[in-house]
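> This one is entry.csv, CSV, C-alpha atoms and all ligand atoms.
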```csv
chain,number,residue,atom,x,y,z
A,23,MET,CA,0.0,0.0,0.0
A,24,THR,CA,1.8,3.1,-1.2
A,25,THR,CA,-0.6,5.6,0.3
A,26,HIS,CA,0.8,5.7,3.8
A,27,LEU,CA,4.4,6.0,2.9
A,28,PRO,CA,6.3,9.0,4.4
A,29,LYS,CA,6.4,11.8,1.9
A,30,VAL,CA,8.5,14.9,1.2
A,31,GLU,CA,6.8,17.7,-0.7
A,32,LEU,CA,9.0,20.4,-2.3
A,33,HIS,CA,6.4,22.4,-4.4
A,34,LEU,CA,3.5,23.8,-2.4
A,35,HIS,CA,2.1,27.3,-2.7
A,36,LEU,CA,0.8,28.3,0.8
A,37,GLU,CA,-2.2,30.3,-0.4
A,38,GLY,CA,-2.8,27.7,-3.1
A,39,ALA,CA,-3.1,25.1,-0.3
A,40,ALA,CA,-5.8,27.1,1.5
A,41,PRO,CA,-8.9,25.0,2.0
A,42,PRO,CA,-11.9,26.8,0.3
A,43,ALA,CA,-13.9,26.6,3.6
A,44,PHE,CA,-11.0,28.4,5.3
A,45,ILE,CA,-11.0,31.2,2.7
A,46,ARG,CA,-14.8,31.5,2.9
A,47,GLY,CA,-14.6,31.7,6.7
A,48,LEU,CA,-12.1,34.6,6.5
A,49,ALA,CA,-14.2,36.3,3.8
A,50,GLN,CA,-17.3,36.1,6.0
A,51,GLU,CA,-15.3,37.5,9.1
A,52,LYS,CA,-14.2,40.4,6.9
A,53,SER,CA,-17.5,40.9,5.1
A,54,VAL,CA,-15.8,40.4,1.7
A,55,ASN,CA,-17.9,38.9,-1.1
A,56,LEU,CA,-16.0,36.1,-2.8
A,57,ASP,CA,-19.1,34.3,-4.2
A,58,GLY,CA,-17.7,34.4,-7.8
A,59,ILE,CA,-14.7,32.1,-7.0
A,60,PHE,CA,-16.6,29.1,-5.7
A,61,ASP,CA,-18.8,26.6,-7.4
A,62,GLU,CA,-22.1,25.3,-5.9
A,63,ALA,CA,-20.3,22.5,-4.0
A,64,GLY,CA,-18.1,25.2,-2.4
A,65,ASN,CA,-14.9,24.3,-4.4
A,66,TYR,CA,-12.7,26.8,-6.2
A,67,SER,CA,-14.1,27.4,-9.7
A,68,TYR,CA,-12.0,28.6,-12.7
A,69,SER,CA,-12.0,28.0,-16.4
A,70,ASP,CA,-8.3,28.0,-17.4
A,71,PHE,CA,-4.9,28.9,-16.1
A,72,ASN,CA,-5.3,32.6,-16.3
A,73,ASP,CA,-8.7,32.3,-14.6
A,74,PHE,CA,-7.0,30.1,-12.0
A,75,LEU,CA,-4.5,32.9,-11.3
A,76,ARG,CA,-7.4,35.4,-10.9
A,77,VAL,CA,-9.2,33.1,-8.5
A,78,TYR,CA,-6.0,32.4,-6.6
A,79,GLU,CA,-5.4,36.1,-6.2
A,80,ALA,CA,-9.0,36.8,-5.2
A,81,ALA,CA,-8.9,34.1,-2.5
A,82,THR,CA,-5.5,35.5,-1.3
A,83,SER,CA,-7.1,39.0,-1.0
A,84,VAL,CA,-8.8,38.0,2.3
A,85,LEU,CA,-5.4,37.0,3.9
A,86,THR,CA,-4.5,40.5,5.2
A,87,SER,CA,-2.6,40.0,8.4
A,88,PRO,CA,0.2,38.0,10.0
A,89,GLU,CA,-2.5,36.3,12.1
A,90,ASP,CA,-4.4,35.2,9.0
A,91,TYR,CA,-1.2,33.7,7.6
A,92,ALA,CA,-0.5,31.9,10.9
A,93,ARG,CA,-4.0,30.4,10.8
A,94,LEU,CA,-3.4,29.4,7.1
A,95,THR,CA,-0.1,27.8,8.0
A,96,THR,CA,-1.7,25.7,10.7
A,97,ALA,CA,-4.6,24.6,8.4
A,98,VAL,CA,-2.2,23.7,5.6
A,99,LEU,CA,0.2,21.7,7.8
A,100,GLU,CA,-2.7,19.7,9.3
A,101,GLN,CA,-3.5,18.6,5.7
A,102,CYS,CA,0.2,17.8,5.0
A,103,ALA,CA,0.5,15.8,8.1
A,104,ALA,CA,-2.7,13.9,7.4
A,105,ASN,CA,-1.1,12.9,4.1
A,106,ASP,CA,2.1,11.5,5.8
A,107,VAL,CA,4.2,14.4,4.6
A,108,ILE,CA,7.1,14.6,7.0
A,109,TYR,CA,8.7,17.7,5.4
A,110,ALA,CA,7.4,20.4,3.1
A,111,GLU,CA,8.8,23.5,1.4
A,112,THR,CA,6.2,26.2,0.7
A,113,PHE,CA,6.3,29.1,-1.6
A,114,LEU,CA,5.7,32.4,0.2
A,115,SER,CA,5.2,35.7,-1.6
A,116,PRO,CA,6.0,39.0,0.2
A,117,ASP,CA,3.7,40.5,-2.5
A,118,PHE,CA,0.8,39.1,-0.5
A,119,CYS,CA,2.4,39.4,2.9
A,120,GLY,CA,2.7,43.1,3.5
A,121,GLY,CA,3.2,44.4,-0.1
A,122,ARG,CA,7.0,43.6,-0.2
A,123,ASP,CA,7.8,45.9,2.7
A,124,VAL,CA,10.7,44.2,4.6
A,125,GLY,CA,9.4,45.2,8.0
A,126,ALA,CA,5.9,43.9,7.3
A,127,TRP,CA,7.3,40.8,5.7
A,128,ARG,CA,9.3,40.0,8.9
A,129,GLU,CA,6.0,40.2,10.9
A,130,TYR,CA,4.2,37.8,8.5
A,131,LEU,CA,7.2,35.5,8.5
A,132,HIS,CA,7.4,35.4,12.3
A,133,ALA,CA,3.7,34.5,12.5
A,134,MET,CA,4.1,31.7,10.0
A,135,GLN,CA,7.2,30.3,11.6
A,136,GLU,CA,5.5,30.3,15.1
A,137,ALA,CA,2.6,28.3,13.6
A,138,ALA,CA,5.0,25.9,11.9
A,139,THR,CA,6.9,25.4,15.2
A,140,LYS,CA,3.7,24.4,16.9
A,141,ALA,CA,2.7,22.0,14.1
A,142,GLU,CA,6.2,20.4,14.3
A,143,ALA,CA,5.8,19.9,18.0
A,144,GLN,CA,2.3,18.4,17.5
A,145,ASP,CA,2.6,16.3,14.4
A,146,GLY,CA,6.4,16.1,13.7
A,147,ILE,CA,6.0,17.8,10.3
A,148,ILE,CA,8.8,20.1,9.3
A,149,LEU,CA,8.2,23.2,7.1
A,150,ARG,CA,10.6,25.5,5.4
A,151,GLY,CA,9.9,28.6,3.2
A,152,ILE,CA,10.9,29.6,-0.3
A,153,VAL,CA,10.4,33.3,-1.1
A,154,THR,CA,8.8,33.5,-4.5
A,155,CYS,CA,8.4,36.4,-6.9
A,156,ILE,CA,5.5,36.5,-9.3
A,157,ARG,CA,6.4,36.6,-12.9
A,158,HIS,CA,3.4,38.6,-14.2
A,159,PHE,CA,4.1,41.2,-11.5
A,160,GLY,CA,7.3,42.0,-13.3
A,161,PRO,CA,11.1,42.2,-12.6
A,162,GLU,CA,11.0,45.5,-10.6
A,163,LYS,CA,8.7,44.0,-8.0
A,164,ALA,CA,10.8,40.9,-8.0
A,165,LYS,CA,13.8,42.9,-6.9
A,166,GLU,CA,11.8,44.1,-3.9
A,167,THR,CA,10.8,40.5,-3.2
A,168,ALA,CA,14.4,39.4,-3.5
A,169,LEU,CA,15.4,42.0,-0.9
A,170,CYS,CA,12.7,40.6,1.5
A,171,ALA,CA,14.2,37.1,0.8
A,172,ALA,CA,17.8,38.2,1.3
A,173,GLU,CA,17.0,40.0,4.5
A,174,THR,CA,15.4,36.9,6.0
A,175,ALA,CA,17.5,34.2,4.5
A,176,GLY,CA,18.6,31.6,7.1
A,177,ASP,CA,17.5,28.3,8.6
A,178,TRP,CA,13.9,28.8,7.8
A,179,ILE,CA,13.8,30.8,4.6
A,180,VAL,CA,16.0,28.6,2.6
A,181,GLY,CA,15.2,29.3,-1.0
A,182,TYR,CA,14.1,31.8,-3.7
A,183,GLY,CA,11.9,31.1,-6.7
A,184,ILE,CA,9.5,32.4,-9.3
A,185,ALA,CA,5.9,31.5,-10.0
A,186,GLY,CA,3.0,33.0,-11.9
A,187,ASP,CA,2.4,33.4,-15.6
A,188,GLU,CA,5.2,31.7,-17.5
A,189,MET,CA,4.3,33.5,-20.6
A,190,ALA,CA,5.0,37.0,-19.0
A,191,GLY,CA,8.5,38.2,-19.8
A,192,LYS,CA,11.5,36.0,-19.9
A,193,PRO,CA,13.7,34.4,-17.2
A,194,SER,CA,16.7,36.7,-17.9
A,195,ASP,CA,14.5,39.7,-16.9
A,196,PHE,CA,14.6,38.3,-13.4
A,197,ALA,CA,18.3,37.4,-13.2
A,198,TYR,CA,19.1,40.4,-11.0
A,199,SER,CA,16.7,39.3,-8.3
A,200,PHE,CA,18.0,35.7,-8.5
A,201,ASP,CA,21.6,37.0,-8.2
A,202,MET,CA,20.6,38.9,-5.0
A,203,ALA,CA,19.0,35.8,-3.6
A,204,ARG,CA,22.0,33.6,-4.5
A,205,GLU,CA,24.4,36.1,-2.9
A,206,ALA,CA,22.3,35.9,0.3
A,207,GLY,CA,23.0,32.1,0.4
A,208,LEU,CA,19.5,31.1,-0.8
A,209,ARG,CA,19.0,28.0,-3.0
A,210,LEU,CA,17.1,28.5,-6.2
A,211,THR,CA,14.2,27.1,-8.1
A,212,ALA,CA,12.0,28.4,-10.9
A,213,HIS,CA,8.6,27.5,-12.4
A,214,ALA,CA,9.3,26.6,-16.1
A,215,GLY,CA,8.1,24.1,-18.6
A,216,GLU,CA,4.6,24.1,-17.2
A,217,TRP,CA,3.1,26.3,-20.0
A,218,GLY,CA,6.3,27.0,-21.9
A,219,GLY,CA,8.1,24.4,-24.0
A,220,ALA,CA,11.5,22.8,-23.6
A,221,ALA,CA,13.2,26.2,-24.5
A,222,SER,CA,11.5,27.8,-21.5
A,223,VAL,CA,13.1,25.2,-19.2
A,224,ARG,CA,16.5,25.7,-20.8
A,225,ASP,CA,16.2,29.5,-20.5
A,226,ALA,CA,15.3,29.3,-16.8
A,227,TRP,CA,18.0,26.8,-16.0
A,228,ARG,CA,20.7,28.8,-17.9
A,229,ASP,CA,19.7,32.4,-17.1
A,230,LEU,CA,18.6,32.0,-13.5
A,231,ARG,CA,21.1,29.2,-12.6
A,232,VAL,CA,18.6,27.2,-10.6
A,233,GLU,CA,19.2,23.8,-9.2
A,234,ARG,CA,15.5,22.8,-9.3
A,235,ILE,CA,12.7,23.4,-11.8
A,236,GLY,CA,9.1,23.7,-10.8
A,237,HIS,CA,7.2,21.4,-13.2
A,238,GLY,CA,9.7,21.3,-16.1
A,239,VAL,CA,7.5,18.6,-17.8
A,240,HIS,CA,7.8,20.1,-21.2
A,241,ALA,CA,11.5,19.3,-21.2
A,242,ILE,CA,10.2,16.0,-22.6
A,243,GLN,CA,9.9,17.7,-26.0
A,244,ASP,CA,13.7,17.9,-26.3
A,245,PRO,CA,15.5,14.6,-25.8
A,246,ALA,CA,18.9,16.4,-25.7
A,247,LEU,CA,17.6,18.6,-22.8
A,248,VAL,CA,16.3,15.6,-21.0
A,249,ASP,CA,19.8,14.0,-21.1
A,250,GLU,CA,21.4,17.3,-20.0
A,251,LEU,CA,19.0,17.6,-17.0
A,252,ALA,CA,19.7,14.0,-16.1
A,253,GLU,CA,23.5,14.5,-16.4
A,254,ALA,CA,23.5,17.7,-14.4
A,255,GLY,CA,21.2,16.2,-11.7
A,256,VAL,CA,18.6,19.0,-12.0
A,257,VAL,CA,15.6,18.2,-9.9
A,258,LEU,CA,12.1,18.5,-11.3
A,259,GLU,CA,9.3,19.4,-8.9
A,260,VAL,CA,6.6,17.5,-10.8
A,261,CYS,CA,3.0,18.1,-9.9
A,262,PRO,CA,1.0,15.6,-12.1
A,263,GLY,CA,-2.4,16.2,-10.6
A,264,SER,CA,-2.0,19.9,-11.1
A,265,ASN,CA,-0.9,19.3,-14.7
A,266,VAL,CA,-4.0,17.2,-15.5
A,267,ALA,CA,-6.4,19.6,-13.7
A,268,LEU,CA,-5.1,22.6,-15.6
A,269,GLY,CA,-4.8,20.7,-19.0
A,270,VAL,CA,-1.0,20.7,-19.2
A,271,ALA,CA,-1.4,16.9,-19.7
A,272,LYS,CA,-4.7,15.6,-21.1
A,273,ARG,CA,-4.8,12.4,-19.0
A,274,TRP,CA,-2.7,10.8,-16.3
A,275,ALA,CA,-1.5,8.2,-18.8
A,276,ASP,CA,-0.1,11.0,-21.0
A,277,HIS,CA,1.8,12.6,-18.2
A,278,PRO,CA,5.6,12.5,-18.9
A,279,ILE,CA,6.7,11.9,-15.3
A,280,GLU,CA,7.5,8.2,-16.0
A,281,LYS,CA,9.4,8.9,-19.2
A,282,LEU,CA,11.5,11.6,-17.4
A,283,ARG,CA,12.2,9.2,-14.5
A,284,ALA,CA,13.1,6.4,-16.9
A,285,ALA,CA,15.5,8.7,-18.7
A,286,GLY,CA,17.3,9.3,-15.4
A,287,VAL,CA,16.0,12.7,-14.6
A,288,LYS,CA,15.6,13.4,-10.8
A,289,VAL,CA,11.8,13.7,-10.5
A,290,THR,CA,9.9,14.5,-7.3
A,291,VAL,CA,6.2,14.6,-6.6
A,292,SER,CA,4.1,17.5,-5.2
A,293,THR,CA,0.6,18.9,-5.2
A,294,ASP,CA,1.2,22.5,-6.2
A,295,ASP,CA,-2.2,23.9,-5.0
A,296,PRO,CA,-4.0,20.9,-3.7
A,297,PRO,CA,-7.6,22.0,-3.1
A,298,PHE,CA,-7.7,23.9,-6.5
A,299,PHE,CA,-6.8,20.6,-8.2
A,300,HIS,CA,-8.9,18.3,-6.0
A,301,THR,CA,-5.7,16.5,-5.0
A,302,THR,CA,-3.6,15.5,-2.0
A,303,MET,CA,-0.2,13.8,-1.7
A,304,ARG,CA,-1.9,10.5,-1.0
A,305,ALA,CA,-4.1,11.0,-4.1
A,306,GLU,CA,-1.0,11.7,-6.2
A,307,TYR,CA,0.7,8.6,-5.0
A,308,ASP,CA,-2.4,6.5,-5.7
A,309,ARG,CA,-2.8,7.8,-9.2
A,310,LEU,CA,0.9,7.3,-9.9
A,311,ALA,CA,0.7,3.7,-8.7
A,312,ASP,CA,-2.5,3.0,-10.7
A,313,THR,CA,-1.2,4.7,-13.9
A,314,PHE,CA,2.4,3.7,-14.0
A,315,GLY,CA,2.6,0.8,-11.7
A,316,TRP,CA,4.9,2.6,-9.3
A,317,ASP,CA,5.6,0.5,-6.2
A,318,ASP,CA,7.0,1.2,-2.7
A,319,GLU,CA,10.5,0.9,-4.0
A,320,ILE,CA,10.0,3.7,-6.6
A,321,PHE,CA,8.1,5.9,-4.1
A,322,GLY,CA,10.9,5.3,-1.6
A,323,GLN,CA,13.4,6.5,-4.2
A,324,ILE,CA,11.3,9.5,-5.0
A,325,ALA,CA,11.1,10.5,-1.3
A,326,LYS,CA,14.9,10.1,-1.0
A,327,THR,CA,15.5,12.2,-4.1
A,328,SER,CA,13.2,14.8,-2.6
A,329,ALA,CA,15.0,14.8,0.8
A,330,GLU,CA,18.4,15.1,-0.9
A,331,ALA,CA,17.1,18.0,-3.0
A,332,ALA,CA,15.4,19.8,-0.1
A,333,PHE,CA,16.9,23.3,0.6
A,334,CYS,CA,17.1,22.6,4.4
A,335,ASP,CA,20.3,22.4,6.4
A,336,ALA,CA,22.4,19.2,6.6
A,337,GLU,CA,21.1,18.2,10.1
A,338,THR,CA,17.5,18.4,9.0
A,339,ARG,CA,18.3,16.4,5.9
A,340,THR,CA,19.9,13.7,7.9
A,341,THR,CA,16.8,13.6,10.1
A,342,LEU,CA,14.6,13.3,7.0
A,343,LEU,CA,16.7,10.6,5.4
A,344,THR,CA,16.7,8.6,8.7
A,345,LYS,CA,12.9,8.9,9.0
A,346,LEU,CA,12.5,7.7,5.4
A,347,GLU,CA,14.8,4.7,6.0
A,348,THR,CA,12.9,3.6,9.2
A,349,PRO,CA,9.3,4.6,8.7
B,401,LIG,N1,1.1,29.8,-8.6
B,401,LIG,C1,0.3,28.9,-8.0
B,401,LIG,N2,0.2,27.8,-8.7
B,401,LIG,C2,0.9,28.0,-9.9
B,401,LIG,C3,1.2,27.2,-11.0
B,401,LIG,N3,0.7,26.0,-11.2
B,401,LIG,N4,1.9,27.8,-12.0
B,401,LIG,C4,2.4,29.0,-11.8
B,401,LIG,N5,2.2,29.8,-10.8
B,401,LIG,C5,1.4,29.3,-9.8
B,402,ZN,ZN,3.6,25.9,-8.6
```
Could you take the file, read its structure, and then write that structure out as structure tokens?

Amino acid sequence: MTTHLPKVELHLHLEGAAPPAFIRGLAQEKSVNLDGIFDEAGNYSYSDFNDFLRVYEAATSVLTSPEDYARLTTAVLEQCAANDVIYAETFLSPDFCGGRDVGAWREYLHAMQEAATKAEAQDGIILRGIVTCIRHFGPEKAKETALCAAETAGDWIVGYGIAGDEMAGKPSDFAYSFDMAREAGLRLTAHAGEWGGAASVRDAWRDLRVERIGHGVHAIQDPALVDELAEAGVVLEVCPGSNVALGVAKRWADHPIEKLRAAGVKVTVSTDDPPFFHTTMRAEYDRLADTFGWDDEIFGQIAKTSAEAAFCDAETRTTLLTKLETP
């Protein structure tokens, strides 16, 4: 039974993991009308990726204080722990947490970290943060985001990344902000090859000098690139359920994760924005087992790859690897 295996999740947007009932509750408390973003069953409702981004930002608009983010962190970590996730990295955007003001960002961060510490004491789950700029907000805002990241880099903020509309601008536009983050000692990842093709993956890898790629699945279009990624040990944060829900892959059987794995690329498995895509880590594992026949050994390898690619410190990594070896 693959479902209950211990899991490591590297690609999880904190706001994107907000249960719809949690967002509705906050909207009610604040008398904000968010009716347009839910369907009749109370789930998030959107028509395509751009609409998804709109609904995502509308849902996020009711998260207006450090306390809101603390409550969100608690709710999300409960879900993670219920899915046997022992370690997660979450994308955090100072854009939504105090409008990229470093002082405000510190307060939001403090609240989230406090909530994470409580969850770790209660459920053993470990969380770390990756500060993430938003591509369609543009490179100037990304520089402010990178400053927030650089000022709070350390044991808990461990990485820097970019999410949002992959069709907006090009990776090199954001190189300055990635350089700032790198100089502050942060590890780097970038969303690429979700909507863009293999060239988009290559550009992000080359121009931002990242060690992980968020999604990266369209690398499959270019066999030479697949070989290069495998050779260089670049890690793909693959989110198959997200890809199927958004139409990046038509069906699970068409998803390239197994071909990438078979070609020697380091693939990992994550949920991206689980309630938006009606998924969980257990559901991802179940579908991968059903679709590709993945067994405990393969899932064990995936979890090990994930722990090795995590941006945490060496001591935390050793803890994770020990937990994975002796579940
Ligand atoms: N932000 C949240 N989810 C995302 C996704 N799947 N792609 C790009 N940006 C995102
Ligand atoms: Zn993502």
> When you count only C-alpha atoms, which of these residues is closest to Glu306 in chain A: A:Lys29, A:His132, A:Arg231, A:Arg93?
A:Lys29
> Counting all atoms listed in the file, what is within 10 Å of Pro116 in chain A, bar same-chain residues fewer than 6 positions away, as a list in words?
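The neighbour list is Arg122, Asp123, Val124, Ala126, Trp127, Arg128, Tyr130, Leu131, Val153, Thr154, Cys155, Ile156, Lys163, Ala164, Glu166, Thr167, Ala168, Leu169, Cys170 and Ala171 of chain A.
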> Which residues of chain A come within 9 Å of ligand ZN 402 (chain B), and what is each one's closest atom pair and distance in Å (one decimal), counting only C-alpha atoms and all ligand atoms, sorted by chain and residue number, as JSON lines?

```
{"residue": "A:His33", "atom": "CA", "partner": "B:ZN402", "partner_atom": "ZN", "distance": 6.1}
{"residue": "A:Leu34", "atom": "CA", "partner": "B:ZN402", "partner_atom": "ZN", "distance": 6.5}
{"residue": "A:His35", "atom": "CA", "partner": "B:ZN402", "partner_atom": "ZN", "distance": 6.2}
{"residue": "A:Gly38", "atom": "CA", "partner": "B:ZN402", "partner_atom": "ZN", "distance": 8.6}
{"residue": "A:Phe113", "atom": "CA", "partner": "B:ZN402", "partner_atom": "ZN", "distance": 8.2}
{"residue": "A:Ile184", "atom": "CA", "partner": "B:ZN402", "partner_atom": "ZN", "distance": 8.8}
{"residue": "A:Ala185", "atom": "CA", "partner": "B:ZN402", "partner_atom": "ZN", "distance": 6.2}
{"residue": "A:Gly186", "atom": "CA", "partner": "B:ZN402", "partner_atom": "ZN", "distance": 7.9}
{"residue": "A:His213", "atom": "CA", "partner": "B:ZN402", "partner_atom": "ZN", "distance": 6.5}
{"residue": "A:Glu216", "atom": "CA", "partner": "B:ZN402", "partner_atom": "ZN", "distance": 8.8}
{"residue": "A:Gly236", "atom": "CA", "partner": "B:ZN402", "partner_atom": "ZN", "distance": 6.3}
{"residue": "A:His237", "atom": "CA", "partner": "B:ZN402", "partner_atom": "ZN", "distance": 7.4}
{"residue": "A:Glu259", "atom": "CA", "partner": "B:ZN402", "partner_atom": "ZN", "distance": 8.7}
{"residue": "A:Cys261", "atom": "CA", "partner": "B:ZN402", "partner_atom": "ZN", "distance": 7.9}
{"residue": "A:Ser264", "atom": "CA", "partner": "B:ZN402", "partner_atom": "ZN", "distance": 8.6}
{"residue": "A:Thr293", "atom": "CA", "partner": "B:ZN402", "partner_atom": "ZN", "distance": 8.3}
{"residue": "A:Asp294", "atom": "CA", "partner": "B:ZN402", "partner_atom": "ZN", "distance": 4.8}
{"residue": "A:Asp295", "atom": "CA", "partner": "B:ZN402", "partner_atom": "ZN", "distance": 7.1}
```
> Output C-alpha atoms of each residue in that selection to a file, as an mmCIF file, in the coordinates of the input.

```cif
data_model
loop_
_atom_site.group_PDB
_atom_site.id
_atom_site.type_symbol
_atom_site.label_atom_id
_atom_site.label_comp_id
_atom_site.auth_asym_id
_atom_site.auth_seq_id
_atom_site.Cartn_x
_atom_site.Cartn_y
_atom_site.Cartn_z
ATOM 1 C CA HIS A 33 6.400 22.400 -4.400
ATOM 2 C CA LEU A 34 3.500 23.800 -2.400
ATOM 3 C CA HIS A 35 2.100 27.300 -2.700
ATOM 4 C CA GLY A 38 -2.800 27.700 -3.100
ATOM 5 C CA PHE A 113 6.300 29.100 -1.600
ATOM 6 C CA ILE A 184 9.500 32.400 -9.300
ATOM 7 C CA ALA A 185 5.900 31.500 -10.000
ATOM 8 C CA GLY A 186 3.000 33.000 -11.900
ATOM 9 C CA HIS A 213 8.600 27.500 -12.400
ATOM 10 C CA GLU A 216 4.600 24.100 -17.200
ATOM 11 C CA GLY A 236 9.100 23.700 -10.800
ATOM 12 C CA HIS A 237 7.200 21.400 -13.200
ATOM 13 C CA GLU A 259 9.300 19.400 -8.900
ATOM 14 C CA CYS A 261 3.000 18.100 -9.900
ATOM 15 C CA SER A 264 -2.000 19.900 -11.100
ATOM 16 C CA THR A 293 0.600 18.900 -5.200
ATOM 17 C CA ASP A 294 1.200 22.500 -6.200
ATOM 18 C CA ASP A 295 -2.200 23.900 -5.000
#
```
> Have a look at CA of Leu210 in chain A and CA of Val232 in chain A and let me know their distance in Å, one decimal.
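A separation of 4.8 Å between them.
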> Given 4 Å on each side, where is the centre and what are the edge lengths in Å to one decimal of the axis-aligned box enclosing the listed atoms of ligand LIG 401 (chain B), as AutoDock Vina command-line options?

```
--center_x 1.3 --center_y 27.9 --center_z -10.0 --size_x 10.2 --size_y 11.8 --size_z 12.0
```
> Once you've located range 303-319 of chain A in the structure I gave, write it as an mmCIF file, in the first residue's frame, keeping N, CA and C atoms.

```
data_model
loop_
_atom_site.group_PDB
_atom_site.id
_atom_site.type_symbol
_atom_site.label_atom_id
_atom_site.label_comp_id
_atom_site.auth_asym_id
_atom_site.auth_seq_id
_atom_site.Cartn_x
_atom_site.Cartn_y
_atom_site.Cartn_z
ATOM 1 N N MET A 303 -1.389 14.643 -1.400
ATOM 2 C CA MET A 303 -0.206 13.819 -1.672
ATOM 3 C C MET A 303 -0.589 12.339 -1.762
ATOM 4 N N ARG A 304 -1.511 11.911 -0.904
ATOM 5 C CA ARG A 304 -1.931 10.499 -1.005
ATOM 6 C C ARG A 304 -2.577 10.223 -2.356
ATOM 7 N N ALA A 305 -3.406 11.152 -2.823
ATOM 8 C CA ALA A 305 -4.073 10.956 -4.115
ATOM 9 C C ALA A 305 -3.044 10.904 -5.249
ATOM 10 N N GLU A 306 -2.017 11.768 -5.168
ATOM 11 C CA GLU A 306 -0.965 11.734 -6.210
ATOM 12 C C GLU A 306 -0.297 10.358 -6.238
ATOM 13 N N TYR A 307 0.044 9.863 -5.053
ATOM 14 C CA TYR A 307 0.714 8.556 -4.977
ATOM 15 C C TYR A 307 -0.196 7.459 -5.546
ATOM 16 N N ASP A 308 -1.473 7.511 -5.171
ATOM 17 C CA ASP A 308 -2.417 6.492 -5.650
ATOM 18 C C ASP A 308 -2.514 6.499 -7.176
ATOM 19 N N ARG A 309 -2.636 7.705 -7.739
ATOM 20 C CA ARG A 309 -2.780 7.786 -9.204
ATOM 21 C C ARG A 309 -1.505 7.348 -9.910
ATOM 22 N N LEU A 310 -0.354 7.683 -9.329
ATOM 23 C CA LEU A 310 0.916 7.258 -9.948
ATOM 24 C C LEU A 310 1.059 5.737 -9.892
ATOM 25 N N ALA A 311 0.626 5.158 -8.783
ATOM 26 C CA ALA A 311 0.681 3.690 -8.655
ATOM 27 C C ALA A 311 -0.257 3.058 -9.684
ATOM 28 N N ASP A 312 -1.476 3.592 -9.793
ATOM 29 C CA ASP A 312 -2.463 3.032 -10.736
ATOM 30 C C ASP A 312 -2.020 3.202 -12.184
ATOM 31 N N THR A 313 -1.513 4.406 -12.493
ATOM 32 C CA THR A 313 -1.224 4.724 -13.897
ATOM 33 C C THR A 313 0.067 4.080 -14.385
ATOM 34 N N PHE A 314 1.109 4.160 -13.555
ATOM 35 C CA PHE A 314 2.427 3.721 -14.038
ATOM 36 C C PHE A 314 2.959 2.483 -13.312
ATOM 37 N N GLY A 315 2.155 1.963 -12.396
ATOM 38 C CA GLY A 315 2.589 0.768 -11.661
ATOM 39 C C GLY A 315 3.706 1.048 -10.664
ATOM 40 N N TRP A 316 3.832 2.293 -10.241
ATOM 41 C CA TRP A 316 4.893 2.604 -9.277
ATOM 42 C C TRP A 316 4.635 1.842 -7.973
ATOM 43 N N ASP A 317 5.709 1.276 -7.430
ATOM 44 C CA ASP A 317 5.586 0.509 -6.185
ATOM 45 C C ASP A 317 6.329 1.208 -5.044
ATOM 46 N N ASP A 318 6.330 0.565 -3.885
ATOM 47 C CA ASP A 318 6.951 1.177 -2.698
ATOM 48 C C ASP A 318 8.409 1.531 -2.940
ATOM 49 N N GLU A 319 9.082 0.693 -3.717
ATOM 50 C CA GLU A 319 10.508 0.944 -3.963
ATOM 51 C C GLU A 319 10.689 2.254 -4.750
#
```
